[in-house]
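Report on the following structure.
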Amino acid sequence: MSNYPIETIRHSAAHVMAAAVQKLYPDAKFDIGPATENGFYYDFDMEHRLVNEDLKEIEKQMKKLIGRKLPFEHFELSRAEAGKMLAEAKQSYKLERLADIPEGEKIGFYRTGDFVDLCRGPHVANTGDIGAVKLLSIAGSYFRGDEKNKMLQRIYGAAFESEEAMTEHFRLLEEAAKRDHRKLGQELDLFSFSENVGPGLVLWHPKGAFIRHTFETFWKEEHYKNGYELLYTPHIGQSVLWETSGHLGFYREGMYSPMEIDEKDYYVKPMNCPFHIEVYQSRLRSYRELPLRWAELGTVYRYEKSGALHGLLRVRGFTQDDAHIVCTPEQIEDEIAEVLRFSLYIWKSFGFTEIKPYLSTRPAKAVGEPERWETALVSLRKAVDKLGLECEVDEGGGAFYGPKIDLKVKDAIGREWQTATIQFDFNLPERFDMTYIGEDGKKHRPYMVHRALMGSLERFFGILVEQYAGAFPLWLAPEQARLLPVSEKVTDYARKVQAELRQKGFRVEIDYHASSLGAKIKDARNARIPYLLVIGEREAEEGLIAARNRREGELGSLTIGQLAEKMRFEVENKIV
RNA sequence: GCCCACAUAGCUCAGUCGGUAGAGCACAUCCUUGGUAAGGAUGAGGUCAGCGGUUCGAAUCCGCUUGUGGGCUCCA
């Protein structure tokens with residue numbers, strides 16, 4: 001057990017791995033090897049193409065080096081000496097890294113056995129101070145993270161201060177894997193993909209579709225309550241629309257290829273904005289009708305790179321919970337504050353309490369007058385302050401068309417998800433020449449804000465599955481209660497109870513299998529059914545139900561009325 | 001798109017040296033009529049992802065394609 005910061009241990013482990021690679025593959029050219037969240041990686045370029053079996057051998061070498069307790073020896077060289085040494089060693093990537101070091105800064109090296117690395121450190125005293133290491137995977141990685149550069153070979157490893165800490169890390173990973181939405185989506189029969197339909201195109205099964213229906217309904221009702229109006233717009237539009245919006249100019253490769261109809265090109269929409277703008281342009285607009293808040297569950301298709309697809313979290317066809325707010329400069333501040341408040345309310349309704357905003361400001365290349373950017377930024381900042389939130393700022397990280405706030409929410413096991421986004425747009429109102437008639441009788445350019453609270457319904461659903469580990473709260477659960485008859489003698493009573501509970505608006509099924517009660521309970525629990533209702537001859541005689549629920553366990557024998565009341569309370573308060 | 005890996009029954013997986021396909025769960029039928037996490041028997045279920053090659057013979061070896069997973073890039 002050592003007292004070094006964990007990053008120091010991990011970075012030192014990266015050096016040890018590089019030393020092992022150098023020993024096994026003397027022609028290897030090294031790039032960099034930093035610490036990561038749970039370990040380290042190192043990038044290199046060499047003739048040999050690494051395969052998984054190689055990792056075992058490299059790991060063996062590393063353990064040998066660690067066992068020898070080799071010291072990490074620090075030394076410094078002048079720029080000329082360093083360049084000469086790296087050139088002699090044919091370390092071309094290191095030479096480029098050397099050139100990055102600003103004039104006047106010290107040029108440090110570390111030596112571990114035969115391996116010498118350009119590095120500012122710090123490191124542990126000797127390799128014996130590295131607690132536990134395990135190599136994980138091989139990946140390709142572009143030099144300097146640029147797709148135009150050569151792809152280097154990267155090895156990822158885990159490193160911890162002790163074997164126990166590493167075991168604990170892998171245990172947590174297993175826990176996370178148990179709630180993986182792709183695994184649960186199949187087990188609970190929520191959704192699937194089909195090779196015949198196409199990559200990244202989701203098929204919602206009945207149970208998944210029911211959950212979606214429930215949160216869509218909630219979403220729509222809340223939008224009407226909060227002063228929004230809903231729109232429906234088509235899935236395809238002619239090329240002229242996308243030429244005006246600019247998408248064909250700067251986003252063509254992200255769109256599905258066009259289909260030709262009556263000698264015109266139609267594109268499947270990658271976003272809803274141009275359609276909403278067409279609604280706006282359908283007649284002259286007055287300042288008196290602003291702000292307009294138009295929302296749509298708009299299904300869009302984007303040609304995401306195949307390697308980017310990931311379950312429900314990154315798909316090619318998805319439904320945005322989109323809205324566009326068109327308003328005057330005077331209204332913008334209140335509108336933004338209200339959108340932010342609304343987002344927090346929606347996420348809290350699903351049991352997410354830790355929510356953090358990230359503000360992105362003007363990038364180097366941007367459209368729109370600087371004053372408008374400033375007004376927008378001020379309104380975003382004020383909204384964050386008004387809600388008493390702490391906010392991180394990404395200077396220059398905004399889109400070219402406007403500044404934005406993204407929300408990140410933390411889930412039940414502490415992972416952060418990027419979700420809601422509130423974005424100003426100074427581009428489309430210009431391109432479509434959107435105007436309203438002001439008090440002065442003259443035309444003015446309105447402010448336009450895009451916002452999505454859930455993001456995409458597919459992604460939102462994936463996050464929900466992981467948040468709840470498949471155990472949806474009662475208001476969302478597709479099957480809220482399951483009746484478990486002890487024997488077939490009480491089937492009639494089960495039907496009667498089911499009918500009564502359905503009358504009261506609950507989703508109740510009966511397990512008709514001729515299996516034991518124990519087996520039925522196991523099945524119902526695996527299916528994450530919130531309420532299990534056992535009925536046998538005792539209950540049938542007394543007109544009761546022996547209930548248990550997921551949260552509280554045994555509830556004893558209840559009348560149908562008592563049970564319904566309890567469930568109604570849980571549904572109405574969206575108890576998680 | 002790029003790097004590495006994977007693809008066998010609805011699901012989870014075995015399948016040795018290249019010799020023609022297996023288990024558990026789920027499903028169906030029958031027996032059992034039961035009391036809080038698996039009662040029993042029988043049965044059905046397969047273009048071994050697809051196409052091509054090597055071979056007397058391919059789930060197995062080789063190539064390509066498709067899909068999926070872990071990364072890189074991307075996410076306007």
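Ligands are numbered from 1 in the order shown, residues from 1 within each chain, and chains are lettered A, B, ... in the order they appear in the structure tokens.
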
Residues within 12 Å of G50 of chain B, only C-alpha atoms (C1' of nucleotides), excluding chain neighbours under 3 positions, as an MDAnalysis selection string
(chainID A and resid 195) or (chainID B and resid 7 47 64:67)

Residues near segment 24-29 of chain B, cut-off 8 Å, only C-alpha atoms (C1' of nucleotides), skip fewer than 4 positions along chain, as a VMD selection string:
chain B and resid 10 to 12 42 to 44

Neighbouring residues of Leu476 of chain A were defined as those with any atom within 12 Å, considering only C-alpha atoms (C1' of nucleotides); residues of the same chain fewer than 4 positions away were excluded. Please report them as a ChimeraX atom specification.
/A:207-218,349-350,461,464-465,468,470-472,480,506-507,528-530,570-576

Output N, CA, C and O atoms for every residue in the selection just made, as a CSV table (one decimal), in the first residue's frame.
chain,number,residue,atom,x,y,z
A,207,LYS,N,-44.5,-3.4,-24.1
A,207,LYS,CA,-44.2,-2.9,-22.7
A,207,LYS,C,-43.4,-1.6,-22.8
A,207,LYS,O,-43.7,-0.6,-22.1
A,208,GLY,N,-42.4,-1.6,-23.7
A,208,GLY,CA,-41.6,-0.3,-23.8
A,208,GLY,C,-42.5,0.8,-24.4
A,208,GLY,O,-42.4,1.9,-24.0
A,209,ALA,N,-43.4,0.4,-25.3
A,209,ALA,CA,-44.3,1.4,-26.0
A,209,ALA,C,-45.2,1.9,-24.9
A,209,ALA,O,-45.6,3.1,-25.0
A,210,PHE,N,-45.7,1.1,-24.0
A,210,PHE,CA,-46.6,1.6,-23.0
A,210,PHE,C,-45.9,2.6,-22.1
A,210,PHE,O,-46.5,3.7,-21.8
A,211,ILE,N,-44.7,2.4,-21.7
A,211,ILE,CA,-43.9,3.3,-20.9
A,211,ILE,C,-43.7,4.6,-21.6
A,211,ILE,O,-44.0,5.7,-21.1
A,212,ARG,N,-43.4,4.5,-22.9
A,212,ARG,CA,-43.2,5.7,-23.7
A,212,ARG,C,-44.5,6.5,-23.8
A,212,ARG,O,-44.5,7.7,-23.7
A,213,HIS,N,-45.6,5.8,-24.1
A,213,HIS,CA,-46.9,6.4,-24.1
A,213,HIS,C,-47.2,7.2,-22.8
A,213,HIS,O,-47.7,8.3,-22.9
A,214,THR,N,-46.8,6.6,-21.7
A,214,THR,CA,-47.1,7.2,-20.4
A,214,THR,C,-46.3,8.5,-20.2
A,214,THR,O,-46.8,9.5,-19.8
A,215,PHE,N,-45.0,8.4,-20.6
A,215,PHE,CA,-44.3,9.7,-20.3
A,215,PHE,C,-44.5,10.7,-21.4
A,215,PHE,O,-44.4,11.9,-21.2
A,216,GLU,N,-44.9,10.2,-22.6
A,216,GLU,CA,-45.3,11.2,-23.7
A,216,GLU,C,-46.6,12.0,-23.2
A,216,GLU,O,-46.7,13.2,-23.4
A,217,THR,N,-47.5,11.2,-22.7
A,217,THR,CA,-48.8,11.9,-22.2
A,217,THR,C,-48.5,12.9,-21.1
A,217,THR,O,-49.0,14.0,-21.2
A,218,PHE,N,-47.6,12.5,-20.2
A,218,PHE,CA,-47.2,13.4,-19.1
A,218,PHE,C,-46.6,14.7,-19.7
A,218,PHE,O,-46.9,15.8,-19.4
A,349,SER,N,-39.4,14.9,-11.7
A,349,SER,CA,-40.6,14.0,-11.7
A,349,SER,C,-40.2,12.5,-11.9
A,349,SER,O,-41.0,11.6,-11.6
A,350,PHE,N,-39.1,12.3,-12.5
A,350,PHE,CA,-38.6,10.9,-12.8
A,350,PHE,C,-37.6,10.5,-11.7
A,350,PHE,O,-37.0,9.4,-11.9
A,461,PHE,N,-35.5,7.0,-22.6
A,461,PHE,CA,-35.9,5.7,-22.1
A,461,PHE,C,-34.8,4.9,-21.7
A,461,PHE,O,-34.9,4.2,-20.6
A,464,LEU,N,-33.7,6.0,-18.3
A,464,LEU,CA,-34.7,5.6,-17.3
A,464,LEU,C,-34.5,4.1,-16.9
A,464,LEU,O,-34.6,3.7,-15.8
A,465,VAL,N,-34.3,3.2,-17.9
A,465,VAL,CA,-34.2,1.8,-17.7
A,465,VAL,C,-33.0,1.6,-16.7
A,465,VAL,O,-33.0,0.9,-15.7
A,468,TYR,N,-33.7,3.1,-13.0
A,468,TYR,CA,-34.5,2.3,-12.2
A,468,TYR,C,-34.0,0.8,-12.2
A,468,TYR,O,-34.7,0.0,-11.5
A,470,GLY,N,-34.6,-1.3,-14.4
A,470,GLY,CA,-35.7,-2.0,-14.9
A,470,GLY,C,-36.9,-2.0,-14.0
A,470,GLY,O,-38.0,-2.4,-14.5
A,471,ALA,N,-36.8,-1.6,-12.8
A,471,ALA,CA,-37.9,-1.5,-11.9
A,471,ALA,C,-38.6,-0.2,-12.0
A,471,ALA,O,-38.4,0.7,-11.1
A,472,PHE,N,-39.5,-0.1,-12.9
A,472,PHE,CA,-40.2,1.2,-13.2
A,472,PHE,C,-41.1,1.6,-12.0
A,472,PHE,O,-41.8,0.7,-11.5
A,480,GLN,N,-48.7,-3.2,-13.6
A,480,GLN,CA,-48.6,-2.7,-12.2
A,480,GLN,C,-48.7,-3.7,-11.1
A,480,GLN,O,-48.1,-3.6,-10.1
A,506,PHE,N,-56.3,0.3,-13.1
A,506,PHE,CA,-54.9,-0.3,-12.9
A,506,PHE,C,-54.6,-1.4,-14.0
A,506,PHE,O,-55.5,-2.1,-14.4
A,507,ARG,N,-53.4,-1.6,-14.2
A,507,ARG,CA,-52.9,-2.6,-15.2
A,507,ARG,C,-52.5,-3.8,-14.5
A,507,ARG,O,-51.5,-3.9,-13.9
A,528,ARG,N,-40.0,-7.6,-12.6
A,528,ARG,CA,-40.0,-6.3,-11.9
A,528,ARG,C,-41.4,-5.7,-11.7
A,528,ARG,O,-41.7,-4.5,-11.9
A,529,ILE,N,-42.4,-6.6,-11.5
A,529,ILE,CA,-43.8,-6.2,-11.2
A,529,ILE,C,-43.9,-5.5,-9.9
A,529,ILE,O,-43.5,-6.1,-8.9
A,530,PRO,N,-44.4,-4.3,-9.8
A,530,PRO,CA,-44.4,-3.6,-8.5
A,530,PRO,C,-45.3,-4.3,-7.4
A,530,PRO,O,-44.8,-4.4,-6.3
A,570,GLU,N,-49.7,6.1,-4.8
A,570,GLU,CA,-48.4,5.9,-5.3
A,570,GLU,C,-48.3,6.4,-6.7
A,570,GLU,O,-47.3,7.0,-7.1
A,571,VAL,N,-49.3,6.2,-7.5
A,571,VAL,CA,-49.3,6.7,-8.9
A,571,VAL,C,-49.4,8.2,-8.9
A,571,VAL,O,-48.6,8.8,-9.6
A,572,GLU,N,-50.3,8.8,-8.2
A,572,GLU,CA,-50.5,10.2,-8.3
A,572,GLU,C,-49.3,11.0,-7.8
A,572,GLU,O,-49.0,12.1,-8.3
A,573,ASN,N,-48.5,10.5,-6.9
A,573,ASN,CA,-47.4,11.1,-6.4
A,573,ASN,C,-46.1,10.7,-7.1
A,573,ASN,O,-45.0,11.1,-6.7
A,574,LYS,N,-46.3,9.9,-8.1
A,574,LYS,CA,-45.1,9.4,-8.9
A,574,LYS,C,-44.0,8.9,-8.0
A,574,LYS,O,-42.8,9.2,-8.1
A,575,ILE,N,-44.4,8.1,-7.0
A,575,ILE,CA,-43.4,7.6,-6.0
A,575,ILE,C,-42.4,6.6,-6.7
A,575,ILE,O,-42.9,5.7,-7.4
A,576,VAL,N,-41.1,6.9,-6.5
A,576,VAL,CA,-40.1,6.1,-7.1
A,576,VAL,C,-39.7,5.0,-6.2
A,576,VAL,O,-39.5,5.2,-5.0

Using only C-alpha atoms (C1' of nucleotides), determine which residues lie at most 6 Å from segment 14-23 of chain A, disregarding the query and same-chain residues fewer than 4 positions distant; provide the list as a count of residues only.
6

Tell me the residues of chain A close to chain B, meaning within 9 Å using only C-alpha atoms (C1' of nucleotides), as a PyMOL selection string.
chain A and resi 50-52+137-142+145-147+151-154+156+186-187+194-195+199+247+250-251+254+304-308+399-400+486-489+514-523+525+534-536

Which is closest to G15 of chain B among B:C48, B:A41, B:C30, B:C61, if we use only C-alpha atoms (C1' of nucleotides)?
B:C48

Every residue of segment 425-531 of chain A that DSSP places in strand (DSSP E), as a PyMOL selection string:
chain A and resi 425+436-437+443-444+447-456+481-485+508-510+531

Got time to write the residues from that selection, N, CA and C atoms, as an mmCIF file, in the first residue's frame?
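What landed in result.cif:
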data_model
loop_
_atom_site.group_PDB
_atom_site.id
_atom_site.type_symbol
_atom_site.label_atom_id
_atom_site.label_comp_id
_atom_site.auth_asym_id
_atom_site.auth_seq_id
_atom_site.Cartn_x
_atom_site.Cartn_y
_atom_site.Cartn_z
ATOM 1 N N ASP A 425 -30.583 30.462 -31.341
ATOM 2 C CA ASP A 425 -30.261 30.324 -32.759
ATOM 3 C C ASP A 425 -30.307 31.684 -33.441
ATOM 4 N N TYR A 436 -41.323 39.958 -37.064
ATOM 5 C CA TYR A 436 -42.636 40.273 -36.503
ATOM 6 C C TYR A 436 -42.813 41.781 -36.586
ATOM 7 N N ILE A 437 -44.071 42.230 -36.575
ATOM 8 C CA ILE A 437 -44.327 43.666 -36.612
ATOM 9 C C ILE A 437 -44.366 44.174 -35.177
ATOM 10 N N LYS A 443 -40.821 46.064 -39.083
ATOM 11 C CA LYS A 443 -40.406 44.662 -38.966
ATOM 12 C C LYS A 443 -39.219 44.524 -38.042
ATOM 13 N N HIS A 444 -39.254 43.489 -37.178
ATOM 14 C CA HIS A 444 -38.121 43.196 -36.290
ATOM 15 C C HIS A 444 -37.778 41.727 -36.384
ATOM 16 N N TYR A 447 -36.056 36.691 -31.480
ATOM 17 C CA TYR A 447 -35.119 35.715 -30.930
ATOM 18 C C TYR A 447 -35.745 34.343 -31.101
ATOM 19 N N MET A 448 -34.915 33.367 -31.411
ATOM 20 C CA MET A 448 -35.424 32.000 -31.473
ATOM 21 C C MET A 448 -34.569 31.090 -30.587
ATOM 22 N N VAL A 449 -35.256 30.241 -29.808
ATOM 23 C CA VAL A 449 -34.572 29.305 -28.918
ATOM 24 C C VAL A 449 -35.065 27.894 -29.232
ATOM 25 N N HIS A 450 -34.111 26.963 -29.434
ATOM 26 C CA HIS A 450 -34.468 25.542 -29.530
ATOM 27 C C HIS A 450 -34.321 24.975 -28.132
ATOM 28 N N ARG A 451 -35.183 24.063 -27.774
ATOM 29 C CA ARG A 451 -34.945 23.360 -26.521
ATOM 30 C C ARG A 451 -35.535 21.962 -26.569
ATOM 31 N N ALA A 452 -34.831 21.044 -25.927
ATOM 32 C CA ALA A 452 -35.345 19.693 -25.747
ATOM 33 C C ALA A 452 -35.088 19.386 -24.283
ATOM 34 N N LEU A 453 -36.094 18.885 -23.596
ATOM 35 C CA LEU A 453 -35.936 18.645 -22.155
ATOM 36 C C LEU A 453 -35.427 17.237 -21.902
ATOM 37 N N MET A 454 -36.075 16.264 -22.529
ATOM 38 C CA MET A 454 -35.632 14.884 -22.366
ATOM 39 C C MET A 454 -34.488 14.573 -23.327
ATOM 40 N N GLY A 455 -34.386 15.334 -24.397
ATOM 41 C CA GLY A 455 -33.374 15.084 -25.419
ATOM 42 C C GLY A 455 -34.032 14.313 -26.541
ATOM 43 N N SER A 456 -33.797 12.992 -26.565
ATOM 44 C CA SER A 456 -34.579 12.153 -27.456
ATOM 45 C C SER A 456 -35.305 11.142 -26.575
ATOM 46 N N ALA A 481 -49.563 -4.707 -11.413
ATOM 47 C CA ALA A 481 -49.786 -5.746 -10.406
ATOM 48 C C ALA A 481 -50.026 -7.058 -11.117
ATOM 49 N N ARG A 482 -49.593 -8.159 -10.466
ATOM 50 C CA ARG A 482 -49.857 -9.475 -11.026
ATOM 51 C C ARG A 482 -50.551 -10.323 -9.970
ATOM 52 N N LEU A 483 -51.652 -10.929 -10.379
ATOM 53 C CA LEU A 483 -52.391 -11.818 -9.491
ATOM 54 C C LEU A 483 -51.812 -13.214 -9.585
ATOM 55 N N LEU A 484 -51.493 -13.794 -8.435
ATOM 56 C CA LEU A 484 -50.885 -15.113 -8.391
ATOM 57 C C LEU A 484 -51.833 -16.073 -7.681
ATOM 58 N N PRO A 485 -52.654 -16.814 -8.429
ATOM 59 C CA PRO A 485 -53.560 -17.775 -7.798
ATOM 60 C C PRO A 485 -52.750 -18.954 -7.246
ATOM 61 N N VAL A 508 -53.424 -4.821 -14.563
ATOM 62 C CA VAL A 508 -53.285 -6.035 -13.758
ATOM 63 C C VAL A 508 -53.369 -7.272 -14.639
ATOM 64 N N GLU A 509 -52.434 -8.209 -14.448
ATOM 65 C CA GLU A 509 -52.472 -9.474 -15.184
ATOM 66 C C GLU A 509 -52.589 -10.633 -14.202
ATOM 67 N N ILE A 510 -52.987 -11.806 -14.739
ATOM 68 C CA ILE A 510 -53.082 -13.005 -13.919
ATOM 69 C C ILE A 510 -52.057 -14.019 -14.412
ATOM 70 N N TYR A 531 -46.494 -4.758 -7.772
ATOM 71 C CA TYR A 531 -47.360 -5.367 -6.772
ATOM 72 C C TYR A 531 -47.618 -6.836 -7.088
#

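With only C-alpha atoms as the atoms that count, the minimum distance from Ala295 of chain A to the choices A:Arg415, A:His223, A:Lys356, A:His74 is reached by A:His223.
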
Tell me which protein, DNA and RNA residues are within 7 Å of Gly131 of chain A, counting only C-alpha atoms (C1' of nucleotides), leaving out same-chain ones fewer than 4 positions away, and put them as a PyMOL selection string.
chain A and resi 1+160-163

List as a count of residues only the protein and nucleic acid residues near U54 of chain B, meaning an atom at most 12 Å away when only C-alpha atoms (C1' of nucleotides) are counted, but skip any in the same chain fewer than 6 places from it.
4
